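Colleague: Here you go, one structure.
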Amino acid sequence: MENHKVTIENRKQTTITDIVEIDSFDEAEIRATLKQGAMIIKGEKLNIQMLDLQEGTAAIGGTINSLMYVKVK
């Protein structure tokens, strides 16, 4: 099992590990596939500041209102 970590700083800066791909994104929602499922991040003025699929990491800026794990079928 891979290590997965989410760090949220003051609801403004988020770092996520174990990212496989970003499925869709706009200023209100980011959908990402993880090695063990998927994640939906909702907020305001969201932006992907850094994405390294080889390392499986992403840095997201903007105001985070919710973060939800979802099961991939």
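As shown in the structure tokens, the chain order sets the letters A, B, ...; within each chain, residues go from 1, and ligands are also counted from 1 in the order they appear.
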Find the spatial neighbours of Ile22 of chain A, counting only C-alpha atoms, within a cut-off of 10 Å - ignore same-chain residues fewer than 5 positions away - and output them as a ChimeraX atom specification.
Modeller: /A:30-34,38-39,48,51,53,58
Colleague: Store the residues picked out above, limited to C-alpha atoms, as a PDB file, in the first residue's frame.
Modeller:
ATOM      1  CA  ILE A  30     -11.024  19.621  -9.007  1.00  0.00           C
ATOM      2  CA  ARG A  31     -11.485  15.872  -9.598  1.00  0.00           C
ATOM      3  CA  ALA A  32      -8.442  13.659  -9.200  1.00  0.00           C
ATOM      4  CA  THR A  33      -7.747   9.940  -9.492  1.00  0.00           C
ATOM      5  CA  LEU A  34      -5.640   8.492  -6.696  1.00  0.00           C
ATOM      6  CA  ALA A  38     -10.636   9.323  -6.312  1.00  0.00           C
ATOM      7  CA  MET A  39     -11.023  12.718  -4.703  1.00  0.00           C
ATOM      8  CA  ILE A  48      -3.271  23.752  -9.693  1.00  0.00           C
ATOM      9  CA  LEU A  51       1.475  18.775 -10.673  1.00  0.00           C
ATOM     10  CA  LEU A  53       2.479  12.794 -12.015  1.00  0.00           C
ATOM     11  CA  ALA A  58      -0.027  18.095  -6.557  1.00  0.00           C
TER      12      ALA A  58
END
Colleague: Pick out the residues sitting within 7 Å of Thr7 of chain A, and hand them over as a PyMOL selection string; count only C-alpha atoms, and ignore anything fewer than 5 positions along from it in its own chain.
Modeller: chain A and resi 14-16
Colleague: Mind writing the picked residues with all heavy atoms as a PDB file, in the first residue's frame?
Modeller:
ATOM      1  N   THR A  14      -3.199  23.425  -0.452  1.00  0.00           N
ATOM      2  CA  THR A  14      -3.360  21.991  -0.241  1.00  0.00           C
ATOM      3  C   THR A  14      -2.293  21.236  -1.017  1.00  0.00           C
ATOM      4  O   THR A  14      -2.048  21.543  -2.183  1.00  0.00           O
ATOM      5  CB  THR A  14      -4.760  21.527  -0.713  1.00  0.00           C
ATOM      6  OG1 THR A  14      -5.736  22.283  -0.013  1.00  0.00           O
ATOM      7  CG2 THR A  14      -4.974  20.063  -0.439  1.00  0.00           C
ATOM      8  N   THR A  15      -1.684  20.260  -0.363  1.00  0.00           N
ATOM      9  CA  THR A  15      -0.724  19.372  -1.012  1.00  0.00           C
ATOM     10  C   THR A  15      -1.268  17.955  -0.895  1.00  0.00           C
ATOM     11  O   THR A  15      -1.684  17.542   0.189  1.00  0.00           O
ATOM     12  CB  THR A  15       0.654  19.472  -0.340  1.00  0.00           C
ATOM     13  OG1 THR A  15       1.071  20.836  -0.343  1.00  0.00           O
ATOM     14  CG2 THR A  15       1.680  18.633  -1.074  1.00  0.00           C
ATOM     15  N   ILE A  16      -1.261  17.229  -2.004  1.00  0.00           N
ATOM     16  CA  ILE A  16      -1.801  15.877  -2.044  1.00  0.00           C
ATOM     17  C   ILE A  16      -0.756  14.959  -2.666  1.00  0.00           C
ATOM     18  O   ILE A  16      -0.138  15.300  -3.671  1.00  0.00           O
ATOM     19  CB  ILE A  16      -3.091  15.830  -2.891  1.00  0.00           C
ATOM     20  CG1 ILE A  16      -4.108  16.822  -2.351  1.00  0.00           C
ATOM     21  CG2 ILE A  16      -3.670  14.420  -2.927  1.00  0.00           C
ATOM     22  CD1 ILE A  16      -5.277  17.064  -3.275  1.00  0.00           C
TER      23      ILE A  16
END
Colleague: Find the distance between atom CA of Gly56 of chain A and atom CA of Thr17 of chain A and write it in Å to one decimal.
Modeller: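 Those two atoms sit 5.6 Å apart.
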Colleague: Considering only C-alpha atoms, can you say which of A:Lys35, A:Asn3, A:Gln49, A:Glu44 comes closest to Ile64 of chain A?
Modeller: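 So, comparing all the options, the nearest one is A:Glu44.
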Colleague: Looking at A:Ile8, A:Met50, A:Gln13, A:Thr63, which one is nearest to Glu27 of chain A, with distances taken over only C-alpha atoms?
Modeller: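 Answer, going by the shortest atom-to-atom distance: A:Thr63.
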Colleague: Given only C-alpha atoms as the basis, pick out the residue of A:Leu67, A:Val72, A:Ala28, A:Val20 nearest to Asp52 of chain A.
Modeller: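 Among the listed residues, A:Val20 lies closest to Asp52 of chain A.
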